[in-house]
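Raw contents of query.cif, mmCIF, C-alpha atoms and all ligand atoms:
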```cif
data_start
loop_
_atom_site.label_atom_id
_atom_site.label_comp_id
_atom_site.auth_asym_id
_atom_site.auth_seq_id
_atom_site.Cartn_x
_atom_site.Cartn_y
_atom_site.Cartn_z
CA MET A 180 -11.74 -9.24 -1.50
CA THR A 181 -14.51 -11.75 -1.51
CA ALA A 182 -16.07 -13.48 1.46
CA GLY A 183 -19.44 -15.14 1.41
CA ASN A 184 -21.65 -14.82 4.51
CA GLY A 185 -20.58 -18.10 6.11
CA ASP A 186 -16.94 -17.53 5.26
CA GLY A 187 -17.25 -13.96 6.46
CA ALA A 188 -18.62 -14.92 9.87
CA LEU A 189 -15.80 -17.43 10.25
CA ALA A 190 -13.19 -14.86 9.22
CA LEU A 191 -14.58 -12.37 11.75
CA ARG A 192 -14.47 -14.96 14.52
CA SER A 193 -11.05 -16.33 13.61
CA PHE A 194 -9.20 -13.02 13.75
CA ASP A 195 -8.33 -11.89 17.28
CA ILE A 196 -9.47 -8.29 16.92
CA THR A 197 -9.33 -7.63 20.67
CA ALA A 198 -5.67 -8.57 20.77
CA ALA A 199 -4.93 -6.57 17.61
CA ARG A 200 -6.59 -3.43 18.98
CA ALA A 201 -4.88 -3.74 22.35
CA ARG A 202 -1.54 -3.29 20.63
CA TYR A 203 -2.44 0.27 19.51
CA PRO A 204 -2.29 2.85 22.31
CA ALA A 205 -3.92 5.55 20.15
CA LEU A 206 -7.12 3.53 19.79
CA ALA A 207 -7.81 4.11 23.48
CA ASP A 208 -9.03 7.63 22.66
CA GLY A 209 -12.34 6.13 21.58
CA TYR A 210 -12.37 7.42 18.01
CA ALA A 211 -13.28 5.12 15.14
CA TYR A 212 -10.16 5.40 13.00
CA LEU A 213 -11.48 4.83 9.50
CA ASP A 214 -8.76 7.00 7.98
CA GLY A 215 -6.19 4.19 7.80
CA ALA A 216 -5.84 4.54 4.02
CA ALA A 217 -4.32 7.96 4.68
CA GLY A 218 -2.05 6.57 7.39
CA THR A 219 -2.43 4.06 10.18
CA GLN A 220 -1.88 4.33 13.90
CA VAL A 221 1.19 2.53 15.25
CA PRO A 222 1.38 -0.30 17.77
CA ALA A 223 3.33 0.04 21.01
CA SER A 224 6.04 -2.26 19.64
CA VAL A 225 6.82 0.27 16.91
CA ILE A 226 6.88 3.19 19.33
CA GLU A 227 9.16 1.19 21.61
CA ALA A 228 11.51 0.16 18.80
CA ILE A 229 11.97 3.80 17.77
CA ALA A 230 12.53 4.89 21.36
CA ALA A 231 14.90 1.98 21.98
CA ALA A 232 17.07 2.96 19.01
CA TYR A 233 17.47 6.47 20.38
CA ARG A 234 17.91 5.22 23.92
CA ALA A 235 20.71 2.84 22.92
CA GLY A 236 22.56 5.57 21.04
CA ILE A 237 22.84 5.69 17.26
CA GLY A 238 25.42 7.37 15.06
CA ASN A 239 25.77 8.03 11.39
CA LEU A 240 26.91 5.18 9.15
CA GLY A 241 30.50 4.18 8.57
CA GLY A 242 32.01 5.34 11.84
CA ALA A 243 34.60 3.46 13.88
CA PHE A 244 32.41 3.29 16.99
CA ALA A 245 29.64 1.03 18.24
CA ALA A 246 26.74 3.48 17.91
CA SER A 247 27.51 3.80 14.19
CA GLY A 248 27.51 0.02 13.90
CA ARG A 249 24.07 -0.06 15.53
CA SER A 250 22.71 2.20 12.80
CA GLY A 251 24.20 -0.08 10.18
CA ALA A 252 22.49 -3.04 11.77
CA ILE A 253 19.18 -1.17 11.89
CA VAL A 254 19.37 -0.40 8.15
CA ALA A 255 20.25 -4.02 7.32
CA GLY A 256 17.40 -5.22 9.52
CA ALA A 257 14.89 -2.91 7.87
CA ARG A 258 15.94 -3.96 4.36
CA ALA A 259 15.47 -7.60 5.35
CA ALA A 260 12.08 -6.85 6.92
CA VAL A 261 10.67 -5.03 3.88
CA ALA A 262 12.09 -7.75 1.65
CA ASP A 263 10.12 -10.30 3.67
CA LEU A 264 6.99 -8.17 3.47
CA VAL A 265 6.91 -7.90 -0.32
CA GLY A 266 8.94 -10.92 -1.44
CA ALA A 267 12.07 -9.07 -2.55
CA ALA A 268 15.82 -9.38 -2.06
CA ALA A 269 17.07 -7.31 0.88
CA ASP A 270 19.81 -5.79 -1.32
CA GLY A 271 17.12 -4.48 -3.65
CA VAL A 272 15.27 -2.45 -0.99
CA VAL A 273 15.78 1.32 -1.22
CA PHE A 274 14.48 3.67 1.48
CA GLY A 275 13.17 7.17 0.98
CA PRO A 276 10.98 9.73 2.70
CA SER A 277 7.84 8.83 0.72
CA ALA A 278 6.65 6.76 -2.22
CA THR A 279 6.21 10.02 -4.12
CA ALA A 280 9.84 11.00 -3.60
CA LEU A 281 10.98 7.51 -4.69
CA ALA A 282 8.84 7.62 -7.83
CA TYR A 283 10.37 10.97 -8.80
CA ARG A 284 13.85 9.59 -8.11
CA ILE A 285 13.33 6.54 -10.34
CA ALA A 286 11.42 8.43 -13.05
CA ASP A 287 14.25 10.92 -13.28
CA ALA A 288 16.90 8.19 -13.50
CA LEU A 289 15.06 5.85 -15.91
CA SER A 290 13.92 8.58 -18.27
CA ARG A 291 17.49 9.51 -19.18
CA ALA A 292 17.52 6.42 -21.38
CA TRP A 293 14.23 7.31 -23.09
CA THR A 294 14.25 8.91 -26.53
CA ALA A 295 11.69 10.61 -28.77
CA GLY A 296 9.41 7.99 -30.29
CA ASP A 297 9.36 5.92 -27.09
CA ASP A 298 6.19 5.79 -25.01
CA ILE A 299 5.05 5.01 -21.49
CA VAL A 300 1.69 3.84 -20.12
CA VAL A 301 0.07 5.26 -16.99
CA SER A 302 -3.38 4.53 -15.58
CA ARG A 303 -6.39 6.61 -14.69
CA LEU A 304 -6.81 4.44 -11.55
CA ASP A 305 -3.55 5.47 -9.93
CA HIS A 306 -2.71 7.87 -7.14
CA ASP A 307 -1.07 10.87 -8.76
CA SER A 308 2.32 9.87 -7.34
CA ASN A 309 2.46 7.02 -9.88
CA VAL A 310 1.25 9.26 -12.70
CA ARG A 311 2.71 12.77 -12.59
CA PRO A 312 6.38 11.85 -12.05
CA TRP A 313 6.20 9.70 -15.20
CA ILE A 314 4.31 12.30 -17.25
CA GLN A 315 6.76 15.03 -16.29
CA ALA A 316 9.77 12.82 -17.05
CA ALA A 317 8.17 11.83 -20.38
CA GLY A 318 7.63 15.49 -21.22
CA ARG A 319 11.31 16.24 -20.68
CA ALA A 320 12.38 13.24 -22.79
CA GLY A 321 9.89 13.90 -25.61
CA VAL A 322 8.16 10.59 -24.94
CA THR A 323 4.47 9.85 -25.63
CA VAL A 324 2.14 9.14 -22.69
CA LYS A 325 -0.63 6.57 -23.16
CA TRP A 326 -3.53 6.09 -20.74
CA ALA A 327 -5.12 2.93 -19.41
CA GLU A 328 -8.76 3.76 -18.66
CA VAL A 329 -11.00 2.74 -15.78
CA ASP A 330 -14.48 1.32 -16.35
CA LEU A 331 -16.31 4.01 -14.42
CA VAL A 332 -19.32 1.81 -13.66
CA THR A 333 -17.44 -1.10 -12.14
CA GLY A 334 -14.23 0.64 -11.15
CA GLU A 335 -12.20 -2.10 -12.87
CA LEU A 336 -9.00 -1.42 -14.78
CA PRO A 337 -9.40 -3.97 -17.61
CA ALA A 338 -6.05 -5.63 -18.25
CA GLU A 339 -6.90 -6.48 -21.89
CA GLN A 340 -6.56 -2.84 -22.94
CA TYR A 341 -2.80 -3.13 -22.35
CA ALA A 342 -2.56 -5.39 -25.41
CA ASP A 343 -3.20 -2.29 -27.52
CA LEU A 344 -1.46 0.21 -25.27
CA VAL A 345 1.89 -1.53 -24.92
CA GLY A 346 4.06 -1.66 -28.03
CA PRO A 347 7.67 -2.22 -29.05
CA ARG A 348 8.65 1.35 -28.08
CA THR A 349 7.00 1.20 -24.63
CA ARG A 350 9.64 1.72 -21.97
CA LEU A 351 7.56 1.65 -18.83
CA VAL A 352 4.10 0.70 -17.56
CA ALA A 353 3.12 2.29 -14.24
CA VAL A 354 0.16 0.71 -12.47
CA THR A 355 -1.24 0.52 -8.98
CA ALA A 356 -1.62 -2.70 -7.02
CA ALA A 357 -4.78 -1.18 -5.50
CA SER A 358 -6.70 2.07 -5.81
CA ASN A 359 -6.48 4.22 -2.69
CA ALA A 360 -9.90 5.70 -3.53
CA ILE A 361 -12.20 2.89 -4.67
CA GLY A 362 -10.07 -0.06 -3.61
CA THR A 363 -9.89 -1.81 -6.99
CA ILE A 364 -7.19 -4.48 -7.10
CA PRO A 365 -6.33 -4.75 -10.78
CA ASP A 366 -4.83 -7.80 -12.43
CA VAL A 367 -1.28 -6.48 -12.17
CA ALA A 368 0.24 -9.81 -13.18
CA ALA A 369 -1.61 -9.65 -16.51
CA VAL A 370 -0.60 -6.01 -17.02
CA ALA A 371 3.03 -6.86 -16.27
CA GLN A 372 2.91 -9.71 -18.77
CA PHE A 373 1.86 -7.31 -21.52
CA ALA A 374 4.67 -4.97 -20.47
CA HIS A 375 7.33 -7.67 -20.36
CA ALA A 376 6.26 -9.17 -23.68
CA MET A 377 7.34 -5.86 -25.26
CA GLY A 378 10.44 -5.40 -23.14
CA ALA A 379 8.93 -2.64 -20.97
CA LEU A 380 9.44 -2.32 -17.23
CA CYS A 381 6.51 -2.48 -14.82
CA TYR A 382 6.49 0.00 -11.91
CA VAL A 383 3.88 -1.03 -9.35
CA ASP A 384 2.53 1.32 -6.68
CA GLY A 385 1.94 -0.95 -3.70
CA VAL A 386 1.25 1.79 -1.19
CA HIS A 387 -2.45 1.07 -0.77
CA ALA A 388 -2.34 -2.69 -1.38
CA THR A 389 0.41 -3.69 1.05
CA PRO A 390 -1.57 -3.35 4.32
CA HIS A 391 -4.46 -5.43 2.99
CA VAL A 392 -3.17 -8.47 1.08
CA PRO A 393 -0.23 -10.86 1.00
CA VAL A 394 2.28 -9.35 -1.44
CA ASP A 395 4.56 -11.27 -3.76
CA MET A 396 6.47 -9.06 -6.17
CA ALA A 397 7.47 -11.97 -8.35
CA ALA A 398 3.88 -13.19 -8.73
CA LEU A 399 2.80 -9.65 -9.59
CA GLY A 400 5.56 -9.34 -12.18
CA ALA A 401 6.59 -6.03 -10.61
CA ASP A 402 10.02 -4.81 -11.64
CA PHE A 403 9.67 -2.03 -9.08
CA TYR A 404 7.30 -2.09 -6.09
CA THR A 405 6.80 0.85 -3.72
CA THR A 406 5.29 0.72 -0.27
CA SER A 407 4.96 3.29 2.52
CA ALA A 408 5.46 2.09 6.08
CA TYR A 409 3.02 4.60 7.52
CA LYS A 410 0.19 2.73 5.76
CA TRP A 411 1.04 -0.54 7.55
CA SER A 412 1.48 0.56 11.15
CA GLY A 413 4.99 1.91 10.71
CA PRO A 414 6.61 5.33 10.71
CA HIS A 415 6.54 7.93 7.94
CA LEU A 416 9.00 6.52 5.43
CA ALA A 417 8.76 4.52 2.23
CA ALA A 418 10.60 1.76 0.40
CA LEU A 419 11.12 0.78 -3.19
CA ALA A 420 11.95 -2.84 -3.98
CA ALA A 421 13.53 -4.10 -7.18
CA ALA A 422 15.92 -6.84 -8.23
CA PRO A 423 19.47 -5.69 -7.33
CA GLU A 424 20.55 -6.63 -10.87
CA LEU A 425 17.98 -4.21 -12.28
CA LEU A 426 19.05 -1.44 -9.91
CA GLU A 427 22.65 -1.99 -11.07
CA THR A 428 21.58 -0.75 -14.52
CA VAL A 429 20.10 2.52 -13.21
CA TRP A 430 22.14 5.57 -12.22
CA PRO A 431 20.39 8.31 -10.26
CA ASP A 432 21.88 11.73 -9.57
CA LYS A 433 24.02 11.39 -6.48
CA LEU A 434 26.76 13.07 -4.48
CA ALA A 435 30.37 12.28 -5.45
CA PRO A 436 31.50 10.84 -2.09
CA SER A 437 28.32 8.83 -1.39
CA SER A 438 28.29 5.12 -2.14
CA ASN A 439 27.97 3.95 -5.75
CA ALA A 440 26.76 0.57 -4.56
CA VAL A 441 23.20 -0.74 -4.88
CA PRO A 442 20.89 0.00 -3.10
CA TRP A 443 22.79 2.81 -1.32
CA ARG A 444 23.26 4.97 -4.39
CA PHE A 445 19.49 5.56 -4.59
CA GLU A 446 19.30 6.91 -1.03
CA ARG A 447 19.90 10.60 -0.65
CA GLY A 448 21.57 11.89 2.50
CA THR A 449 21.19 10.35 5.94
CA LEU A 450 18.58 7.70 6.52
CA PRO A 451 16.07 7.96 9.42
CA PHE A 452 17.68 5.21 11.50
CA ALA A 453 15.32 5.18 14.46
CA ASP A 454 12.29 5.18 12.17
CA LEU A 455 13.79 2.28 10.24
CA ALA A 456 13.92 0.34 13.50
CA GLY A 457 10.21 1.17 13.76
CA ALA A 458 9.61 -0.13 10.24
CA THR A 459 11.15 -3.48 11.15
CA ALA A 460 8.95 -3.62 14.25
CA ALA A 461 5.92 -2.88 12.10
CA VAL A 462 6.74 -5.79 9.78
CA ASP A 463 7.17 -8.04 12.83
CA HIS A 464 3.81 -6.78 14.08
CA LEU A 465 2.15 -7.78 10.80
CA ALA A 466 3.90 -11.15 10.91
CA GLY A 467 2.42 -11.82 14.33
CA LEU A 468 -1.16 -10.77 13.68
CA ALA A 469 -2.58 -14.19 13.05
CA PRO A 470 -0.36 -16.70 14.83
CA HIS A 471 -2.86 -19.49 14.18
CA ALA A 472 -3.76 -18.50 10.64
CA ALA A 473 -4.23 -21.15 8.01
CA PRO A 474 -1.34 -21.24 5.57
CA VAL A 475 -1.58 -19.75 2.12
CA PRO A 476 -1.32 -22.35 -0.63
CA GLY A 477 2.19 -23.62 -1.00
CA GLY A 478 3.23 -22.02 2.25
CA THR A 479 3.63 -23.06 5.81
CA VAL A 480 1.93 -22.19 9.05
CA PRO A 481 3.61 -20.52 11.95
CA GLY A 482 5.26 -23.39 13.69
CA GLY A 483 6.14 -25.49 10.71
CA THR A 484 5.46 -26.81 7.25
CA VAL A 485 2.08 -28.39 6.66
CA PRO A 486 2.53 -31.87 5.28
CA GLY A 487 -0.41 -33.76 3.78
CA GLY A 488 -2.96 -34.54 6.49
CA ALA A 489 -1.66 -32.03 9.05
CA VAL A 490 -4.10 -29.59 10.63
CA PRO A 491 -3.60 -26.09 9.24
CA GLY A 492 -2.78 -23.64 11.97
CA ARG A 493 -1.36 -26.23 14.33
CA PRO A 494 2.40 -26.45 14.78
CA VAL A 495 3.76 -29.59 13.23
CA PRO A 496 5.86 -31.47 15.80
CA GLY A 497 9.50 -31.48 14.81
CA ALA A 498 9.02 -29.12 11.88
CA PRO A 499 11.33 -26.12 11.57
CA PRO A 500 9.87 -22.79 12.68
CA ALA A 501 8.15 -20.80 9.97
CA SER A 502 10.19 -17.97 8.50
CA ARG A 503 9.03 -14.39 8.95
CA ARG A 504 8.09 -14.31 5.26
CA GLU A 505 5.85 -17.33 5.76
CA ARG A 506 4.28 -15.84 8.88
CA ILE A 507 3.62 -12.57 7.04
CA ARG A 508 1.89 -14.40 4.20
CA ALA A 509 -0.29 -16.36 6.59
CA SER A 510 -1.07 -13.27 8.67
CA MET A 511 -1.92 -11.11 5.69
CA ALA A 512 -4.19 -13.81 4.27
CA ALA A 513 -6.05 -13.76 7.61
CA VAL A 514 -6.11 -9.95 7.57
CA GLU A 515 -7.58 -9.99 4.06
CA ALA A 516 -10.32 -12.39 5.09
CA TYR A 517 -11.14 -10.43 8.26
CA GLU A 518 -11.20 -7.04 6.51
CA SER A 519 -13.28 -8.46 3.69
CA ALA A 520 -15.96 -9.69 6.08
CA LEU A 521 -16.04 -6.36 7.92
CA PHE A 522 -16.19 -4.51 4.63
CA ALA A 523 -19.24 -6.50 3.61
CA ARG A 524 -21.00 -5.11 6.70
CA LEU A 525 -19.91 -1.57 5.79
CA LEU A 526 -20.96 -1.83 2.14
CA GLY A 527 -24.24 -3.51 3.03
CA GLY A 528 -25.08 -0.72 5.47
CA LEU A 529 -24.23 2.06 3.04
CA ALA A 530 -26.21 0.36 0.26
CA GLU A 531 -29.36 0.62 2.41
CA LEU A 532 -29.12 4.40 2.52
CA ASP A 533 -31.02 5.91 -0.42
CA ARG A 534 -29.07 9.12 -0.66
CA VAL A 535 -25.65 7.48 -0.66
CA THR A 536 -23.78 6.97 -3.95
CA LEU A 537 -20.96 4.44 -3.77
CA TYR A 538 -18.15 4.54 -6.33
CA GLY A 539 -16.54 1.34 -7.57
CA LYS A 540 -17.59 -2.29 -7.27
CA ALA A 541 -14.55 -4.16 -8.53
CA ALA A 542 -14.52 -7.94 -8.17
CA ARG A 543 -11.43 -7.80 -6.00
CA ARG A 544 -10.86 -4.77 -3.82
CA THR A 545 -9.43 -3.51 -0.58
CA PRO A 546 -11.89 -2.56 2.20
CA THR A 547 -12.02 1.05 1.05
CA ALA A 548 -15.41 2.73 0.56
CA PHE A 549 -15.66 5.91 -1.51
CA PHE A 550 -19.07 7.54 -1.40
CA ASN A 551 -21.11 10.72 -1.42
CA VAL A 552 -24.31 11.74 0.32
CA ALA A 553 -26.67 13.60 -2.02
CA GLY A 554 -26.80 17.29 -1.23
CA VAL A 555 -24.06 17.20 1.40
CA ALA A 556 -20.47 18.20 0.58
CA PRO A 557 -17.87 15.51 1.36
CA ARG A 558 -16.19 17.85 3.81
CA ALA A 559 -19.47 18.44 5.62
CA VAL A 560 -20.01 14.67 5.88
CA ALA A 561 -16.51 14.27 7.31
CA GLU A 562 -17.12 17.08 9.81
CA HIS A 563 -20.44 15.57 10.86
CA LEU A 564 -18.73 12.21 11.44
CA ALA A 565 -15.75 13.79 13.21
CA ALA A 566 -18.15 15.39 15.67
CA ARG A 567 -19.39 11.84 16.38
CA GLY A 568 -15.90 10.44 16.91
CA VAL A 569 -15.53 8.87 13.47
CA ASN A 570 -12.46 9.75 11.41
CA VAL A 571 -12.88 9.57 7.64
CA TRP A 572 -11.16 11.31 4.79
CA ASP A 573 -12.74 13.64 2.27
CA GLY A 574 -11.50 14.92 -1.09
CA ASP A 575 -9.83 13.21 -4.03
CA ASN A 576 -7.09 11.54 -1.94
CA TYR A 577 -4.77 12.39 -4.86
CA ALA A 578 -6.64 9.87 -7.01
CA TYR A 579 -6.91 12.93 -9.17
CA GLU A 580 -7.39 11.37 -12.61
CA LEU A 581 -10.03 8.95 -11.35
CA CYS A 582 -11.95 11.67 -9.53
CA THR A 583 -11.78 13.90 -12.60
CA ALA A 584 -13.10 11.05 -14.77
CA LEU A 585 -15.90 10.41 -12.26
CA GLY A 586 -16.82 14.13 -12.32
CA LEU A 587 -15.96 14.47 -8.63
CA GLU A 588 -13.40 17.25 -8.76
CA PRO A 589 -12.87 19.44 -6.86
CA GLY A 590 -14.65 18.13 -3.76
CA GLY A 591 -14.02 14.43 -4.31
CA ALA A 592 -15.93 12.09 -2.04
CA VAL A 593 -15.85 10.61 1.46
CA ARG A 594 -13.42 7.74 2.04
CA ALA A 595 -13.90 5.27 4.86
CA GLY A 596 -11.12 2.71 4.81
CA LEU A 597 -10.80 -0.30 7.06
CA VAL A 598 -7.56 -1.77 8.32
CA HIS A 599 -6.98 -4.81 10.52
CA TYR A 600 -7.51 -2.89 13.79
CA ASN A 601 -11.02 -1.72 12.90
CA ASP A 602 -13.98 -3.58 14.33
CA ALA A 603 -17.71 -3.88 13.87
CA SER A 604 -18.40 -1.02 16.27
CA ASP A 605 -16.28 1.32 14.11
CA VAL A 606 -18.37 0.32 11.11
CA ASP A 607 -21.67 0.69 12.95
CA ARG A 608 -20.77 4.14 14.24
CA LEU A 609 -19.91 5.21 10.69
CA LEU A 610 -23.20 3.85 9.38
CA ALA A 611 -25.21 5.57 12.13
CA GLY A 612 -23.45 8.87 11.44
CA VAL A 613 -24.03 8.69 7.70
CA ALA A 614 -27.64 7.61 8.24
CA ASP A 615 -28.28 10.89 10.12
CA LEU A 616 -27.54 12.70 6.86
CA ALA A 617 -28.80 10.23 4.29
CA ARG A 618 -32.32 9.38 5.37
C1 LIG B 701 -1.92 4.35 -3.64
C2 LIG B 701 -1.01 5.40 -3.10
N1 LIG B 701 0.10 5.68 -3.77
C3 LIG B 701 0.97 6.61 -3.34
C4 LIG B 701 0.73 7.33 -2.20
C5 LIG B 701 1.73 8.36 -1.78
O1 LIG B 701 2.49 7.84 -0.76
P1 LIG B 701 3.58 8.74 -0.03
O2 LIG B 701 2.83 9.62 0.91
O3 LIG B 701 4.47 7.76 0.66
O4 LIG B 701 4.28 9.52 -1.09
C6 LIG B 701 -0.43 7.09 -1.47
C7 LIG B 701 -0.74 7.88 -0.26
O5 LIG B 701 -1.86 8.05 0.12
C8 LIG B 701 -1.32 6.09 -1.92
O6 LIG B 701 -2.44 5.80 -1.25
#
```
Let me see the structure of the file written as structure tokens.
Amino acid sequence: MTAGNGDGALALRSFDITAARARYPALADGYAYLDGAAGTQVPASVIEAIAAAYRAGIGNLGGAFAASGRSGAIVAGARAAVADLVGAAADGVVFGPSATALAYRIADALSRAWTAGDDIVVSRLDHDSNVRPWIQAAGRAGVTVKWAEVDLVTGELPAEQYADLVGPRTRLVAVTAASNAIGTIPDVAAVAQFAHAMGALCYVDGVHATPHVPVDMAALGADFYTTSAYKWSGPHLAALAAAPELLETVWPDKLAPSSNAVPWRFERGTLPFADLAGATAAVDHLAGLAPHAAPVPGGTVPGGTVPGGAVPGRPVPGAPPASRRERIRASMAAVEAYESALFARLLGGLAELDRVTLYGKAARRTPTAFFNVAGVAPRAVAEHLAARGVNVWDGDNYAYELCTALGLEPGGAVRAGLVHYNDASDVDRLLAGVADLAR
């Protein structure tokens, strides 16, 4: 994320933060919710969609009655919504309880085709859910594990190292689209190119990135992309997206009578139908965050395509309405600009405090600050802030390899992460609370 001062002020003014916050009933409790990277609050529309599904009556799939049909429609709607969010095909969207569970599911299935002498590449930047499932599967298959390293000063994951790491026997490269600890957004497209050049698959953990930036799986070169709805204002469930043709080549363990079709065969047991209705509502919420946002290059604005000379953000008379995918891309571009400007305020404030050590300064990053206060345990910092109505996370946030490399285990650090419903007062309350300890 990069926003100069002038751009930043404009981004802060252009995003309707009052309207965004008003959609979240939980924010009325007065806390500064800076724990969004561990899970966001949900807007009323999501709560209502979940309640409406139950109120209307839902049944299990495949029945002869209307309530069963409603569940089928909810699942189809949620696949289409997640597909729009990440730029996938709806038939390639698999649901599961968590990104961790989905990674284990795919690691187990893919690794059956691996043989001794093959290798895989994981990264030291990743959340452990995109590391351990692969290492454990590799161990069972007798496959070598190679590590992509983080530059511990900058927090970057240099893409060039993959030229040496990926070889003709590499079967899979697992990499994050953004670090949930220090926010680094690596050059996934470059990493995927190295993987594809050697015939390897690229499994991208999009859990932390998805709430902060416009996502396009194809542009990333992601063969698999995971995202968890509870990080983007939805309920506690996750999705994995892949090309249906790729999923057709993969066979997970499954029950005999359950569907063999893609994507159903990857889903174990009964899906959480009402929560899936909530996931669709969350995607619609994101799509509507910046109704007057400028279009992303090559895209359209809500209200219609932007021909040469048209005013970005204004509906074009006679133009067809923008698709949800287009509205999401425009909204998320506005979210990225807004969060970036707010993050500059947060980072600037922390940098003024002598006893604060900040980890990571990648060129492109999510608005996620990871820091310690000299002489104060991360947990004690979090407790001090909690007593002042500021919610932050402490620990390693399962960025276990990174925290080990940084010498931060076992206590980790304090994480203050912004999402689109945070405002300047949240940031200022955090800074005031940390300043109590750090002066
Ligand atoms: C980057 C990243 N990957 C994976 C996960 C795990 O997600 P889930 O809880 O859906 O398994 C998280 C959760 O914090 C995360 O931040």
From the options A:Arg258, A:Arg234, A:His387, A:Arg350, which residue's atoms come nearest to ligand LIG 701 (chain B), counting only C-alpha atoms and all ligand atoms?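 Under the stated criterion, the closest residue is A:His387.
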Considering all atoms listed in the file, tabulate each residue of chain A that lies at most 7 Å from ligand LIG 701 (chain B) along with its nearest interatomic pair and the corresponding distance in Å to one decimal; arrange the rows by chain and ascending residue number and present them as CSV.
```
residue,atom,partner,partner_atom,distance
A:Ala216,CA,B:LIG701,O6,6.4
A:Ala217,CA,B:LIG701,O5,5.2
A:Ser277,CA,B:LIG701,O3,3.5
A:Ala278,CA,B:LIG701,O3,3.7
A:Thr279,CA,B:LIG701,O4,3.6
A:Ala280,CA,B:LIG701,O4,6.3
A:Asp305,CA,B:LIG701,C1,6.6
A:His306,CA,B:LIG701,N1,4.9
A:Ser308,CA,B:LIG701,C3,5.3
A:Asn309,CA,B:LIG701,N1,6.7
A:Thr355,CA,B:LIG701,C1,6.6
A:Ala357,CA,B:LIG701,C1,6.5
A:Ser358,CA,B:LIG701,C1,5.7
A:Asn359,CA,B:LIG701,O6,4.6
A:Asp384,CA,B:LIG701,N1,5.8
A:Gly385,CA,B:LIG701,C1,6.6
A:Val386,CA,B:LIG701,C2,4.7
A:His387,CA,B:LIG701,C1,4.4
A:Ser407,CA,B:LIG701,O3,4.9
A:Leu416,CA,B:LIG701,O3,6.7
A:Ala417,CA,B:LIG701,O3,5.6
A:Asn576,CA,B:LIG701,O5,6.6
```
Residues within 7 Å of (1.7, -2.2, 18.2), file coords, all atoms listed in the file, listed as a PDB file with C-alpha atoms, keeping the file's coordinate frame:
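Dumped to selection.pdb:
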```pdb
ATOM      1  CA  ARG A 202      -1.540  -3.290  20.630  1.00  0.00           C
ATOM      2  CA  TYR A 203      -2.440   0.270  19.510  1.00  0.00           C
ATOM      3  CA  VAL A 221       1.190   2.530  15.250  1.00  0.00           C
ATOM      4  CA  PRO A 222       1.380  -0.300  17.770  1.00  0.00           C
ATOM      5  CA  ALA A 223       3.330   0.040  21.010  1.00  0.00           C
ATOM      6  CA  SER A 224       6.040  -2.260  19.640  1.00  0.00           C
ATOM      7  CA  VAL A 225       6.820   0.270  16.910  1.00  0.00           C
ATOM      8  CA  HIS A 464       3.810  -6.780  14.080  1.00  0.00           C
TER       9      HIS A 464
END
```
Exercise: A:Ala207 partners within 12 Å, all atoms listed in the file, chain neighbours under 6 positions left out, as an NGL selection string: :A and (200-201 or 220 or 222 or 600)
May I ask which of the residues A:Asp463, A:Asp307, A:Asp195, A:Asp214 is the closest one to A:Ala260, counting all atoms listed in the file?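 Answer, going by the shortest atom-to-atom distance: A:Asp463.
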Excluding same-chain residues fewer than 6 positions from A:Ser604, what lies within 12 Å of it counting all atoms listed in the file, as a ChimeraX atom specification? /A:196,209-213,521,524-525,568-569,597,610-611
Give the centre and edge lengths of an axis-aligned box, in Å to one decimal, that holds all listed atoms of stretch 284-289 of chain A with 8 Å on each side, as lines of an AutoDock Vina configuration file.
```
center_x = 14.2
center_y = 8.4
center_z = -12.0
size_x = 21.5
size_y = 21.1
size_z = 23.8
```
Work out how far apart atom CA of A:Gly528 and atom CA of A:Arg608 are and give it in Å to one decimal.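 So the answer is 10.9 Å.
Contact shell of A:Ala561 at 10 Å (all atoms listed in the file; same-chain neighbours under 5 positions omitted): Ala556, Ala566, Arg567, Val569, Asn570, Val571, Trp572, Asp573, Gly574, Ala592, Val593, Arg594, Ala595, Gly612 and Val613 of chain A.
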Using Å and a single decimal, report how far atom CA of A:Gly266 sits from atom CA of A:Val462.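 We find that atom CA of A:Val462 and atom CA of A:Gly266 lie 12.5 Å from each other.
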If you count only C-alpha atoms, which residues fall within 12 Å of A:Ala440, apart from same-chain ones fewer than 6 positions away, as a list in words?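 The filter keeps Asp270, Gly271, Val273, Pro423, Glu424, Leu426, Glu427, Thr428, Val429, Trp430, Pro431, Lys433 and Glu446 of chain A.
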